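Q: Just one file: data01.csv, with CSV, C-alpha atoms and all ligand atoms.
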chain,number,residue,atom,x,y,z
A,27,MET,CA,-28.0,-7.2,20.3
A,28,LYS,CA,-26.8,-4.4,17.9
A,29,HIS,CA,-23.6,-5.5,16.2
A,30,ALA,CA,-22.3,-1.9,16.3
A,31,GLU,CA,-21.9,-2.6,20.0
A,32,VAL,CA,-19.8,-5.7,19.7
A,33,LYS,CA,-16.1,-6.1,19.0
A,34,PHE,CA,-14.7,-6.5,15.5
A,35,ASP,CA,-14.0,-10.3,15.9
A,36,THR,CA,-17.6,-10.9,17.0
A,37,ALA,CA,-19.0,-8.8,14.1
A,38,CYS,CA,-17.1,-10.9,11.6
A,39,ILE,CA,-19.1,-13.9,12.7
A,40,HIS,CA,-22.5,-12.2,13.2
A,41,ALA,CA,-22.8,-8.9,11.4
A,42,GLY,CA,-25.7,-8.7,9.0
A,43,GLN,CA,-26.9,-12.2,9.7
A,44,ALA,CA,-29.7,-13.7,11.7
A,45,PRO,CA,-31.2,-17.2,11.8
A,46,ASP,CA,-33.4,-17.7,8.8
A,47,LYS,CA,-37.1,-16.9,9.5
A,48,LEU,CA,-38.6,-19.8,7.6
A,49,PHE,CA,-36.7,-22.8,9.1
A,50,GLY,CA,-34.3,-21.3,11.6
A,51,GLY,CA,-31.2,-22.1,9.5
A,52,VAL,CA,-28.2,-20.7,11.3
A,53,SER,CA,-26.3,-20.1,8.1
A,54,VAL,CA,-27.8,-17.5,5.7
A,55,PRO,CA,-29.7,-19.4,3.0
A,56,ILE,CA,-28.3,-19.2,-0.6
A,57,TYR,CA,-31.2,-17.6,-2.5
A,58,GLN,CA,-30.1,-19.1,-5.8
A,59,SER,CA,-33.0,-17.5,-7.7
A,60,SER,CA,-32.8,-15.0,-10.5
A,61,THR,CA,-36.3,-13.7,-10.0
A,62,PHE,CA,-38.8,-13.3,-7.2
A,63,ALA,CA,-42.6,-14.0,-7.4
A,64,PHE,CA,-45.1,-11.3,-6.6
A,65,GLU,CA,-48.3,-12.1,-4.8
A,66,ASP,CA,-50.3,-10.0,-7.2
A,67,ALA,CA,-50.0,-7.3,-9.8
A,68,ASP,CA,-50.3,-4.6,-7.2
A,69,GLN,CA,-47.4,-5.9,-5.3
A,70,GLY,CA,-45.3,-6.2,-8.4
A,71,ALA,CA,-46.1,-2.6,-9.3
A,72,ALA,CA,-45.3,-1.5,-5.7
A,73,ARG,CA,-41.9,-3.2,-5.9
A,74,PHE,CA,-41.0,-1.5,-9.2
A,75,SER,CA,-42.2,1.9,-8.0
A,76,GLY,CA,-40.2,1.6,-4.8
A,77,LYS,CA,-43.2,1.7,-2.4
A,78,ASP,CA,-42.5,-2.0,-1.4
A,79,ASP,CA,-38.8,-2.8,-0.9
A,80,GLY,CA,-39.2,-6.5,-1.5
A,81,TYR,CA,-37.0,-8.3,-4.0
A,82,LYS,CA,-37.8,-8.5,-7.7
A,83,TYR,CA,-34.7,-9.6,-9.7
A,84,THR,CA,-31.2,-10.6,-8.6
A,85,ARG,CA,-29.3,-8.1,-10.7
A,86,ILE,CA,-31.2,-5.4,-8.7
A,87,GLY,CA,-31.0,-7.1,-5.3
A,88,ASN,CA,-30.9,-10.6,-3.6
A,89,PRO,CA,-31.3,-11.6,0.1
A,90,THR,CA,-28.0,-13.5,0.3
A,91,ASN,CA,-26.1,-10.6,-1.3
A,92,ALA,CA,-27.9,-8.2,1.1
A,93,ALA,CA,-26.6,-10.2,4.1
A,94,LEU,CA,-23.0,-9.9,2.8
A,95,GLU,CA,-23.6,-6.2,2.1
A,96,ARG,CA,-24.8,-5.5,5.7
A,97,CYS,CA,-21.9,-7.6,7.1
A,98,VAL,CA,-19.0,-5.8,5.3
A,99,ALA,CA,-20.6,-2.4,5.6
A,100,GLU,CA,-20.8,-2.9,9.4
A,101,LEU,CA,-17.2,-4.1,9.5
A,102,GLU,CA,-16.1,-1.0,7.7
A,103,GLY,CA,-18.1,1.2,10.0
A,104,GLY,CA,-20.3,2.3,7.0
A,105,LYS,CA,-24.0,2.4,6.5
A,106,PHE,CA,-24.4,0.9,3.1
A,107,GLY,CA,-22.7,-1.9,1.2
A,108,LEU,CA,-22.9,-3.0,-2.4
A,109,ALA,CA,-21.5,-6.4,-3.4
A,110,THR,CA,-20.0,-6.8,-6.8
A,111,ALA,CA,-19.0,-9.6,-9.1
A,112,THR,CA,-15.2,-8.8,-8.8
A,113,GLY,CA,-13.0,-6.2,-7.2
A,114,MET,CA,-12.7,-4.6,-10.7
A,115,SER,CA,-16.4,-4.4,-11.0
A,116,ALA,CA,-16.5,-2.4,-7.7
A,117,ILE,CA,-13.8,-0.1,-9.1
A,118,SER,CA,-15.4,0.3,-12.5
A,119,THR,CA,-18.8,1.0,-10.8
A,120,VAL,CA,-17.2,3.8,-8.8
A,121,PHE,CA,-15.6,5.3,-11.9
A,122,MET,CA,-18.8,5.0,-14.0
A,123,THR,CA,-20.9,6.6,-11.3
A,124,PHE,CA,-18.7,9.6,-10.5
A,125,LEU,CA,-16.6,10.3,-13.6
A,126,GLY,CA,-17.6,11.7,-17.0
A,127,ALA,CA,-16.3,13.8,-19.9
A,128,GLY,CA,-14.2,16.7,-18.7
A,129,LYS,CA,-13.7,15.3,-15.1
A,130,HIS,CA,-10.3,14.7,-13.6
A,131,VAL,CA,-9.0,12.1,-11.1
A,132,VAL,CA,-5.9,12.2,-9.0
A,133,SER,CA,-4.8,8.6,-8.3
A,134,THR,CA,-2.0,6.8,-6.4
A,135,GLY,CA,0.5,5.9,-9.2
A,136,SER,CA,1.1,2.4,-8.0
A,137,VAL,CA,-2.5,1.4,-7.9
A,138,TYR,CA,-3.6,-2.2,-8.8
A,139,GLY,CA,-2.6,-2.5,-12.5
A,140,PRO,CA,-6.0,-2.9,-14.1
A,141,THR,CA,-7.3,0.1,-12.1
A,142,ARG,CA,-4.6,2.2,-13.7
A,143,THR,CA,-5.3,0.8,-17.1
A,144,ILE,CA,-9.0,1.7,-16.9
A,145,LEU,CA,-8.1,5.3,-16.0
A,146,GLU,CA,-5.3,5.5,-18.6
A,147,LYS,CA,-6.7,3.6,-21.5
A,148,GLU,CA,-10.5,3.0,-21.2
A,149,LEU,CA,-11.9,6.1,-19.6
A,150,THR,CA,-9.7,8.5,-21.7
A,151,ARG,CA,-11.9,7.4,-24.6
A,152,PHE,CA,-14.8,9.0,-22.8
A,153,GLY,CA,-13.0,12.2,-22.0
A,154,VAL,CA,-11.9,11.5,-18.4
A,155,GLU,CA,-8.4,12.8,-17.4
A,156,SER,CA,-6.2,11.3,-14.7
A,157,THR,CA,-3.0,12.3,-13.0
A,158,PHE,CA,-0.9,9.6,-11.2
A,159,VAL,CA,1.2,10.7,-8.3
A,160,ASP,CA,3.2,9.1,-5.5
A,161,SER,CA,0.4,9.6,-3.0
A,162,SER,CA,2.7,8.7,0.0
A,163,ASP,CA,3.7,12.3,-0.3
A,164,ALA,CA,0.4,14.2,0.4
A,165,ASN,CA,1.8,17.3,-1.2
A,166,SER,CA,2.0,15.7,-4.6
A,167,VAL,CA,-1.7,14.8,-4.3
A,168,LYS,CA,-2.5,18.5,-3.5
A,169,ASN,CA,-0.3,19.8,-6.3
A,170,ALA,CA,-2.1,17.5,-8.8
A,171,ILE,CA,-5.6,18.9,-8.0
A,172,LYS,CA,-7.1,20.8,-10.9
A,173,LYS,CA,-10.3,22.9,-11.2
A,174,ASN,CA,-12.1,19.8,-12.7
A,175,THR,CA,-10.9,17.3,-10.1
A,176,VAL,CA,-13.9,15.3,-8.8
A,177,MET,CA,-12.1,12.3,-7.3
A,178,VAL,CA,-9.0,11.4,-5.4
A,179,TYR,CA,-8.4,7.7,-5.6
A,180,VAL,CA,-6.0,6.0,-3.2
A,181,GLU,CA,-4.6,2.6,-2.5
A,182,THR,CA,-2.7,2.1,0.7
A,183,PRO,CA,-0.4,0.2,1.4
A,184,ALA,CA,0.5,0.3,-2.2
A,185,ASN,CA,1.3,-2.8,-4.2
A,186,PRO,CA,4.0,-4.1,-4.2
A,187,THR,CA,6.1,-1.3,-2.6
A,188,LEU,CA,4.0,-1.1,0.6
A,189,SER,CA,4.3,2.7,0.6
A,190,ILE,CA,1.6,4.2,2.9
A,191,THR,CA,-0.7,7.1,2.0
A,192,ASP,CA,-2.1,9.4,4.7
A,193,ILE,CA,-5.9,8.8,4.2
A,194,ALA,CA,-7.0,11.7,6.6
A,195,ALA,CA,-4.7,14.1,4.8
A,196,CYS,CA,-6.0,13.0,1.4
A,197,ALA,CA,-9.6,13.3,2.6
A,198,LYS,CA,-8.9,16.9,3.5
A,199,ILE,CA,-7.3,17.7,0.2
A,200,ALA,CA,-10.1,16.1,-1.7
A,201,HIS,CA,-12.9,17.8,0.3
A,202,ASP,CA,-11.2,21.2,0.1
A,203,ALA,CA,-11.3,20.8,-3.7
A,204,GLY,CA,-14.9,19.7,-3.7
A,205,ALA,CA,-13.9,16.2,-4.7
A,206,ILE,CA,-14.5,12.8,-3.1
A,207,LEU,CA,-12.0,10.4,-1.7
A,208,VAL,CA,-12.2,6.7,-2.7
A,209,VAL,CA,-9.9,4.2,-0.9
A,210,ASP,CA,-9.1,0.7,-2.1
A,211,ASN,CA,-8.8,-1.1,1.2
A,212,THR,CA,-8.0,-4.6,-0.2
A,213,PHE,CA,-4.5,-4.9,1.3
A,214,CYS,CA,-5.7,-4.2,4.9
A,215,SER,CA,-9.2,-5.4,5.1
A,216,PRO,CA,-11.4,-3.6,7.6
A,217,MET,CA,-9.7,-5.5,10.4
A,218,LEU,CA,-6.6,-3.2,10.1
A,219,GLN,CA,-7.8,0.0,8.5
A,220,LYS,CA,-11.1,1.9,8.4
A,221,PRO,CA,-10.9,4.6,5.7
A,222,LEU,CA,-14.4,5.9,6.3
A,223,GLN,CA,-13.5,6.8,9.8
A,224,LEU,CA,-10.4,8.7,8.4
A,225,GLY,CA,-12.7,10.8,6.1
A,226,ALA,CA,-12.9,8.7,3.0
A,227,ASP,CA,-16.3,8.9,1.2
A,228,ILE,CA,-16.2,5.4,-0.4
A,229,VAL,CA,-14.1,2.3,0.6
A,230,LEU,CA,-13.9,-0.6,-1.8
A,231,HIS,CA,-12.5,-4.1,-1.8
A,232,SER,CA,-11.5,-6.9,-3.9
A,233,MET,CA,-13.1,-9.5,-1.6
A,234,THR,CA,-11.2,-12.0,-3.6
A,235,LYS,CA,-8.3,-11.3,-1.2
A,236,PHE,CA,-8.5,-11.1,2.7
A,237,LEU,CA,-12.3,-10.8,3.1
A,238,ASN,CA,-13.0,-14.2,1.4
A,239,GLY,CA,-9.5,-15.4,2.3
A,240,HIS,CA,-9.6,-18.9,0.7
A,241,SER,CA,-8.4,-18.2,-2.9
A,242,ASP,CA,-11.6,-19.8,-4.2
A,243,VAL,CA,-13.9,-16.8,-5.2
A,244,VAL,CA,-13.6,-13.5,-7.1
A,245,ALA,CA,-15.8,-10.8,-5.7
A,246,GLY,CA,-15.9,-7.1,-4.7
A,247,MET,CA,-17.6,-4.6,-2.4
A,248,LEU,CA,-18.4,-0.9,-2.1
A,249,VAL,CA,-19.1,0.7,1.2
A,250,THR,CA,-20.2,4.3,2.0
A,251,SER,CA,-22.3,6.1,4.7
A,252,ASN,CA,-23.6,8.5,2.1
A,253,GLN,CA,-27.1,7.4,1.0
A,254,GLU,CA,-27.1,9.5,-2.2
A,255,MET,CA,-23.7,8.1,-3.3
A,256,MET,CA,-24.9,4.5,-2.7
A,257,LYS,CA,-28.2,5.2,-4.5
A,258,ASN,CA,-26.2,6.4,-7.5
A,259,MET,CA,-23.7,3.4,-7.4
A,260,HIS,CA,-26.6,1.0,-7.1
A,261,ARG,CA,-28.4,2.6,-10.1
A,262,VAL,CA,-25.2,2.2,-12.2
A,263,ILE,CA,-24.4,-1.4,-11.2
A,264,CYS,CA,-28.0,-2.4,-11.9
A,265,GLN,CA,-27.7,-1.0,-15.3
A,266,MET,CA,-24.2,-2.0,-16.1
A,267,GLY,CA,-24.6,-5.4,-14.6
A,268,GLY,CA,-21.6,-6.1,-12.3
A,269,THR,CA,-23.8,-7.8,-9.6
A,270,ILE,CA,-22.4,-10.6,-7.5
A,271,ASP,CA,-23.9,-14.1,-7.8
A,272,PRO,CA,-25.7,-15.3,-4.6
A,273,HIS,CA,-23.7,-18.4,-4.2
A,274,GLN,CA,-20.4,-16.5,-4.5
A,275,ALA,CA,-21.8,-14.0,-1.9
A,276,TRP,CA,-22.5,-16.9,0.4
A,277,LEU,CA,-19.0,-18.2,0.1
A,278,VAL,CA,-17.6,-14.8,1.0
A,279,LEU,CA,-20.0,-14.5,3.9
A,280,ARG,CA,-18.5,-17.8,5.2
A,281,GLY,CA,-15.0,-16.6,4.6
A,282,VAL,CA,-15.5,-13.4,6.5
A,283,LYS,CA,-16.5,-15.3,9.6
A,284,THR,CA,-12.8,-16.2,10.1
A,285,LEU,CA,-11.4,-12.9,8.9
A,286,ALA,CA,-10.2,-11.8,12.4
A,287,LEU,CA,-8.7,-15.3,13.1
A,288,ARG,CA,-6.9,-15.4,9.8
A,289,VAL,CA,-5.5,-11.9,9.8
A,290,LYS,CA,-4.2,-12.3,13.4
A,291,VAL,CA,-2.2,-15.5,12.6
A,292,ALA,CA,-1.0,-14.3,9.2
A,293,GLN,CA,0.1,-10.9,10.7
A,294,GLU,CA,2.0,-12.6,13.5
A,295,ASN,CA,3.8,-14.8,11.0
A,296,ALA,CA,4.5,-11.8,8.8
A,297,MET,CA,6.0,-9.8,11.7
A,298,LYS,CA,8.3,-12.6,12.7
A,299,LEU,CA,9.3,-13.3,9.1
A,300,ALA,CA,10.0,-9.6,8.3
A,301,GLU,CA,12.2,-9.3,11.4
A,302,GLU,CA,14.2,-12.4,10.5
A,303,LEU,CA,14.4,-11.7,6.8
A,304,GLU,CA,15.9,-8.3,7.6
A,305,LYS,CA,18.9,-10.1,9.2
A,306,HIS,CA,19.3,-12.7,6.3
A,307,PRO,CA,22.6,-12.3,4.4
A,308,LYS,CA,20.9,-12.8,1.0
A,309,ILE,CA,18.4,-10.0,1.6
A,310,GLU,CA,19.1,-6.4,0.5
A,311,TRP,CA,16.1,-4.8,2.3
A,312,VAL,CA,12.7,-5.7,3.7
A,313,LYS,CA,9.7,-3.4,3.4
A,314,TYR,CA,6.9,-4.1,6.0
A,315,PRO,CA,4.8,-1.5,7.8
A,316,GLY,CA,5.6,-3.2,11.1
A,317,LEU,CA,9.4,-2.6,10.9
A,318,ARG,CA,10.9,0.5,12.2
A,319,SER,CA,13.0,0.6,9.0
A,320,HIS,CA,9.7,1.3,7.0
A,321,PRO,CA,9.9,5.0,5.9
A,322,GLN,CA,6.4,5.6,7.1
A,323,TYR,CA,6.4,3.4,10.2
A,324,GLU,CA,4.8,6.1,12.4
A,325,LEU,CA,2.0,6.9,9.9
A,326,ALA,CA,1.3,3.1,9.6
A,327,ARG,CA,1.0,2.9,13.3
A,328,LYS,CA,-1.4,5.8,13.4
A,329,GLN,CA,-3.6,4.8,10.5
A,330,MET,CA,-3.6,1.0,10.7
A,331,SER,CA,-4.4,-1.1,13.7
A,332,GLY,CA,-1.8,-3.6,12.6
A,333,PRO,CA,0.9,-4.0,9.9
A,334,GLY,CA,-0.8,-6.7,7.9
A,335,ALA,CA,0.4,-9.8,6.2
A,336,MET,CA,2.1,-8.4,3.1
A,337,ILE,CA,5.9,-8.2,2.9
A,338,SER,CA,8.1,-7.0,0.1
A,339,PHE,CA,11.8,-7.8,0.1
A,340,GLU,CA,14.7,-7.4,-2.3
A,341,VAL,CA,17.0,-10.4,-2.8
A,342,LYS,CA,20.6,-9.6,-3.7
A,343,GLY,CA,21.2,-10.5,-7.3
A,344,GLY,CA,18.3,-8.9,-9.2
A,345,VAL,CA,15.9,-10.7,-11.6
A,346,LYS,CA,17.9,-13.9,-11.7
A,347,ALA,CA,18.0,-14.3,-7.9
A,348,GLY,CA,14.3,-13.4,-7.6
A,349,LYS,CA,13.4,-16.1,-10.1
A,350,THR,CA,15.6,-18.6,-8.3
A,351,VAL,CA,13.6,-18.0,-5.1
A,352,MET,CA,10.3,-18.4,-7.0
A,353,ASP,CA,11.5,-21.7,-8.5
A,354,SER,CA,12.8,-23.1,-5.2
A,355,VAL,CA,9.9,-22.5,-2.8
A,356,GLY,CA,7.8,-25.6,-2.1
A,357,LEU,CA,5.3,-24.8,0.6
A,358,SER,CA,4.6,-21.2,-0.5
A,359,THR,CA,2.7,-21.2,-3.7
A,360,LEU,CA,4.0,-19.3,-6.7
A,361,ALA,CA,0.9,-17.4,-7.7
A,362,VAL,CA,-0.4,-13.9,-7.9
A,363,SER,CA,-3.3,-12.7,-5.7
A,364,LEU,CA,-2.9,-12.3,-2.0
A,365,GLY,CA,-4.8,-12.5,1.3
A,366,GLY,CA,-5.4,-16.2,1.1
A,367,ILE,CA,-5.0,-18.7,4.0
A,368,GLU,CA,-2.0,-20.1,2.2
A,369,SER,CA,1.3,-18.3,1.7
A,370,LEU,CA,1.6,-16.9,-1.9
A,371,ILE,CA,4.8,-15.6,-3.4
A,372,GLN,CA,5.4,-13.7,-6.6
A,373,HIS,CA,8.1,-11.7,-8.4
A,374,PRO,CA,6.6,-8.5,-9.8
A,375,ALA,CA,9.4,-7.6,-12.2
A,376,SER,CA,8.9,-10.9,-14.2
A,377,MET,CA,5.2,-11.3,-13.5
A,378,THR,CA,2.5,-8.8,-12.5
A,379,HIS,CA,4.6,-5.7,-13.4
A,380,ALA,CA,6.6,-7.1,-16.3
A,381,SER,CA,4.6,-5.2,-18.9
A,382,MET,CA,5.4,-1.9,-17.3
A,383,GLY,CA,9.0,-2.1,-18.6
A,384,PRO,CA,12.2,-1.4,-16.6
A,385,ALA,CA,12.0,2.4,-16.6
A,386,ALA,CA,8.4,2.7,-15.3
A,387,ARG,CA,9.2,0.0,-12.7
A,388,ALA,CA,12.2,1.8,-11.5
A,389,GLU,CA,10.2,5.0,-11.2
A,390,ALA,CA,7.5,3.2,-9.2
A,391,GLY,CA,10.2,1.7,-6.9
A,392,ILE,CA,9.6,-1.9,-8.2
A,393,THR,CA,13.2,-3.1,-8.3
A,394,ASP,CA,14.4,-6.2,-10.2
A,395,GLY,CA,14.9,-8.4,-7.1
A,396,LEU,CA,11.7,-7.4,-5.3
A,397,VAL,CA,9.7,-10.4,-4.1
A,398,ARG,CA,6.1,-9.9,-2.8
A,399,PHE,CA,5.1,-12.3,-0.1
A,400,SER,CA,1.5,-12.7,1.0
A,401,VAL,CA,2.1,-14.5,4.3
A,402,GLY,CA,-0.5,-17.2,5.1
A,403,CYS,CA,-1.7,-19.0,8.2
A,404,GLU,CA,0.7,-22.1,8.0
A,405,ASP,CA,2.9,-22.8,11.0
A,406,TYR,CA,5.6,-20.1,11.1
A,407,GLU,CA,8.5,-22.6,11.3
A,408,ASP,CA,7.3,-24.3,8.1
A,409,ILE,CA,7.0,-21.0,6.2
A,410,LYS,CA,10.5,-20.0,7.3
A,411,LYS,CA,12.1,-23.3,6.6
A,412,ASP,CA,10.7,-23.3,3.1
A,413,LEU,CA,11.8,-19.7,2.3
A,414,TRP,CA,15.2,-20.1,3.8
A,415,GLN,CA,16.0,-23.2,1.7
A,416,ALA,CA,14.9,-21.2,-1.4
A,417,LEU,CA,17.2,-18.4,-0.5
A,418,ASP,CA,20.0,-20.9,-0.1
A,419,LYS,CA,19.7,-21.8,-3.7
A,420,ILE,CA,20.7,-18.3,-4.9
A,501,LIG,C1,-7.0,-8.0,-6.7
A,501,LIG,C2,-7.1,-6.6,-6.5
A,501,LIG,C3,-8.1,-5.8,-7.2
A,501,LIG,C4,-9.0,-6.4,-8.3
A,501,LIG,O1,-9.9,-7.4,-7.7
A,501,LIG,P1,-10.5,-8.6,-8.5
A,501,LIG,O2,-11.3,-9.3,-7.5
A,501,LIG,O3,-9.4,-9.4,-9.0
A,501,LIG,O4,-11.3,-8.0,-9.7
A,501,LIG,C5,-8.2,-4.5,-6.9
A,501,LIG,N1,-7.4,-3.9,-6.1
A,501,LIG,C6,-6.5,-4.5,-5.4
A,501,LIG,C7,-5.6,-3.8,-4.4
A,501,LIG,C8,-6.3,-5.9,-5.6
A,501,LIG,O5,-5.3,-6.6,-4.9
Could you express the structure from this file as structure tokens?

A:
Amino acid sequence: MKHAEVKFDTACIHAGQAPDKLFGGVSVPIYQSSTFAFEDADQGAARFSGKDDGYKYTRIGNPTNAALERCVAELEGGKFGLATATGMSAISTVFMTFLGAGKHVVSTGSVYGPTRTILEKELTRFGVESTFVDSSDANSVKNAIKKNTVMVYVETPANPTLSITDIAACAKIAHDAGAILVVDNTFCSPMLQKPLQLGADIVLHSMTKFLNGHSDVVAGMLVTSNQEMMKNMHRVICQMGGTIDPHQAWLVLRGVKTLALRVKVAQENAMKLAEELEKHPKIEWVKYPGLRSHPQYELARKQMSGPGAMISFEVKGGVKAGKTVMDSVGLSTLAVSLGGIESLIQHPASMTHASMGPAARAEAGITDGLVRFSVGCEDYEDIKKDLWQALDKI
């Protein structure tokens, strides 16, 4: 049966995988081998010349990694996947492949911190220019396009403000300018958003988050349907060395099997929590794409198949109140990262976004009392009880 013909939940369990040919193992074997033996010199030569597509060395390709690549590519509705050591390795591979001296990037301003740092601090050393905009306003993306723009880079929903960017609109803007659109789909996972179908050229993930889902692996993925683009990204990663380890790939493959189950439960919890938080007297506002009060509620409904499991809310009383909540939760874990099976809570103004300084935070909409909550799969009543007792401490 072709997996393209099955539903998403089924594909999470089966895509890219078949019982092992040697012994019939139902779980994909972990090919924990750095190198692969050739039958003779001719076969070795054929593998290096590309006439034989068998494996030769794990930095260049590995059967366990390939199963994960087929799996996630299929879930994203793309043709080719490339698994990477971390999400940042996926992102730096995209940048190294498509950018160069004199080239320009238009990027969502509130992208993942290190992504912005690479563009602002590292790539400028090599003559790459970047402009950061509030991409939730498609016009600001359009206005930032220059003659030398080769890439539009978007993250939606944005972190931690949960602003939504119109992917289809950005694809058109990028393509009209002869540029490519790259989308970081980490916050949604392919379960909730499929950027390639909306016109993106490349979609990428930190699989550390929802795809693996168990807060025990760092990993990344690149997916495209463009063979030339994949060939170029594969060439770059083989040389630069951001390849995933096969054991890590196997763990992610196992995590992906429950992606649909996890996201469904976490999203249900998040929806209820967002609705109830909105009525809580200690809460100033709640931002969640599933609430009608979200400024881009309609766009979220159009572009995403569900509002996801990430909530931002503002507690009354600024940094001090935010910290009190952090210090008072018991069940929810005070930690950065997101998309795990367990609820994770963090306070951007004093943690992930502290180094930005108050002015830059205000400009990005990251207020002092903003709390980011990655809702997990625990029983809803337990999550609520824990958070409510923490809010009572303010
Ligand atoms: C975590 C994260 C990354 C970086 O991924 P790593 O696996 O930590 O390297 C990139 N983008 C987003 C949106 C993330 O949340």

Q: My list of candidates is A:Ser166, A:Gln415, A:Thr378, A:Ser215. Which is closest to Thr350 in chain A when distances are computed with all atoms listed in the file?

A: A:Gln415

Q: Show me, as a PyMOL selection string, the residues that have an atom within 8 Å of Pro333 in chain A when counting all atoms listed in the file, minus same-chain residues fewer than 6 positions from it.

A: chain A and resi 218+293+297+314-316+326-327

Q: Using all atoms listed in the file, pick whichever of A:Tyr138, A:Phe339, A:Tyr406, A:Phe124 has the shortest atom-to-atom distance to ligand LIG 501 (chain A).

A: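 Once distances to ligand LIG 501 (chain A) are computed over all atoms listed in the file, the minimum belongs to A:Tyr138.
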
Q: Give one line per residue of chain A that approaches ligand LIG 501 (chain A) to at most 10 Å, naming the two atoms of the closest pair and their distance in Å to one decimal, counting only C-alpha atoms and all ligand atoms; sort by chain then ascending residue number and deliver it as a tab-separated table.

A:
residue	atom	partner	partner_atom	distance
A:Thr110	CA	A:LIG501	O2	9.1
A:Ala111	CA	A:LIG501	O2	7.9
A:Thr112	CA	A:LIG501	O4	4.1
A:Gly113	CA	A:LIG501	O1	3.4
A:Met114	CA	A:LIG501	O4	3.8
A:Ser115	CA	A:LIG501	O4	6.4
A:Ala116	CA	A:LIG501	O4	7.9
A:Ile117	CA	A:LIG501	C5	7.5
A:Ser118	CA	A:LIG501	O4	9.7
A:Ser136	CA	A:LIG501	C7	9.8
A:Val137	CA	A:LIG501	C7	7.0
A:Tyr138	CA	A:LIG501	N1	5.0
A:Gly139	CA	A:LIG501	N1	8.1
A:Pro140	CA	A:LIG501	C4	7.4
A:Thr141	CA	A:LIG501	C5	7.0
A:Val180	CA	A:LIG501	C7	9.9
A:Glu181	CA	A:LIG501	C7	6.8
A:Thr182	CA	A:LIG501	C7	8.3
A:Pro183	CA	A:LIG501	C7	8.8
A:Ala184	CA	A:LIG501	C7	7.7
A:Asn185	CA	A:LIG501	C7	7.0
A:Pro186	CA	A:LIG501	C7	9.6
A:Val209	CA	A:LIG501	C7	9.7
A:Asp210	CA	A:LIG501	C7	6.1
A:Asn211	CA	A:LIG501	C7	7.0
A:Thr212	CA	A:LIG501	C7	4.9
A:Phe213	CA	A:LIG501	C7	5.9
A:Cys214	CA	A:LIG501	C7	9.3
A:Leu230	CA	A:LIG501	N1	8.5
A:His231	CA	A:LIG501	N1	6.7
A:Ser232	CA	A:LIG501	O1	4.2
A:Met233	CA	A:LIG501	O2	6.2
A:Thr234	CA	A:LIG501	O2	4.7
A:Lys235	CA	A:LIG501	C1	6.5
A:Phe236	CA	A:LIG501	O5	9.4
A:Val243	CA	A:LIG501	O2	8.3
A:Val244	CA	A:LIG501	O2	4.8
A:Ala245	CA	A:LIG501	O2	5.1
A:Gly246	CA	A:LIG501	O2	5.8
A:Met247	CA	A:LIG501	O2	9.4
A:Val362	CA	A:LIG501	C1	8.9
A:Ser363	CA	A:LIG501	C1	6.1
A:Leu364	CA	A:LIG501	O5	6.8
A:Gly365	CA	A:LIG501	O5	8.6

Q: Find the spatial neighbours of Val159 in chain A, counting all atoms listed in the file, within a cut-off of 12 Å - ignore same-chain residues fewer than 5 positions away - and output them as a PDB file with C-alpha atoms, in the frame of the given file.

A:
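Output saved as result_39.pdb:
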ATOM      1  CA  VAL A 131      -9.000  12.100 -11.100  1.00  0.00           C
ATOM      2  CA  VAL A 132      -5.900  12.200  -9.000  1.00  0.00           C
ATOM      3  CA  SER A 133      -4.800   8.600  -8.300  1.00  0.00           C
ATOM      4  CA  THR A 134      -2.000   6.800  -6.400  1.00  0.00           C
ATOM      5  CA  GLY A 135       0.500   5.900  -9.200  1.00  0.00           C
ATOM      6  CA  SER A 136       1.100   2.400  -8.000  1.00  0.00           C
ATOM      7  CA  VAL A 137      -2.500   1.400  -7.900  1.00  0.00           C
ATOM      8  CA  ARG A 142      -4.600   2.200 -13.700  1.00  0.00           C
ATOM      9  CA  ALA A 164       0.400  14.200   0.400  1.00  0.00           C
ATOM     10  CA  ASN A 165       1.800  17.300  -1.200  1.00  0.00           C
ATOM     11  CA  SER A 166       2.000  15.700  -4.600  1.00  0.00           C
ATOM     12  CA  VAL A 167      -1.700  14.800  -4.300  1.00  0.00           C
ATOM     13  CA  LYS A 168      -2.500  18.500  -3.500  1.00  0.00           C
ATOM     14  CA  ASN A 169      -0.300  19.800  -6.300  1.00  0.00           C
ATOM     15  CA  ALA A 170      -2.100  17.500  -8.800  1.00  0.00           C
ATOM     16  CA  ILE A 171      -5.600  18.900  -8.000  1.00  0.00           C
ATOM     17  CA  VAL A 178      -9.000  11.400  -5.400  1.00  0.00           C
ATOM     18  CA  TYR A 179      -8.400   7.700  -5.600  1.00  0.00           C
ATOM     19  CA  VAL A 180      -6.000   6.000  -3.200  1.00  0.00           C
ATOM     20  CA  GLU A 181      -4.600   2.600  -2.500  1.00  0.00           C
ATOM     21  CA  THR A 191      -0.700   7.100   2.000  1.00  0.00           C
ATOM     22  CA  GLU A 389      10.200   5.000 -11.200  1.00  0.00           C
ATOM     23  CA  ALA A 390       7.500   3.200  -9.200  1.00  0.00           C
TER      24      ALA A 390
END

Q: Taking all atoms listed in the file into account, which of A:Leu325, A:Leu357, A:Ala375, A:Ala292 comes nearest Asp408 in chain A?

A: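 Checking each candidate against Asp408 in chain A, we get A:Leu357 as the closest.
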
Q: Give as a ChimeraX atom specification the set of residues within 8 Å of the point (-17.5, -4.6, 1.8), where distances use the file's coordinates and only C-alpha atoms.

A: /A:94-95,97-99,101-102,107-109,229-231,233,246-249

Q: Would you please work out which residue, of A:Asn91, A:Ala72, A:Gln43, A:Cys38, is nearest to Trp276 in chain A when using only C-alpha atoms?

A: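 With only C-alpha atoms as the atom set, the closest residue is A:Asn91.
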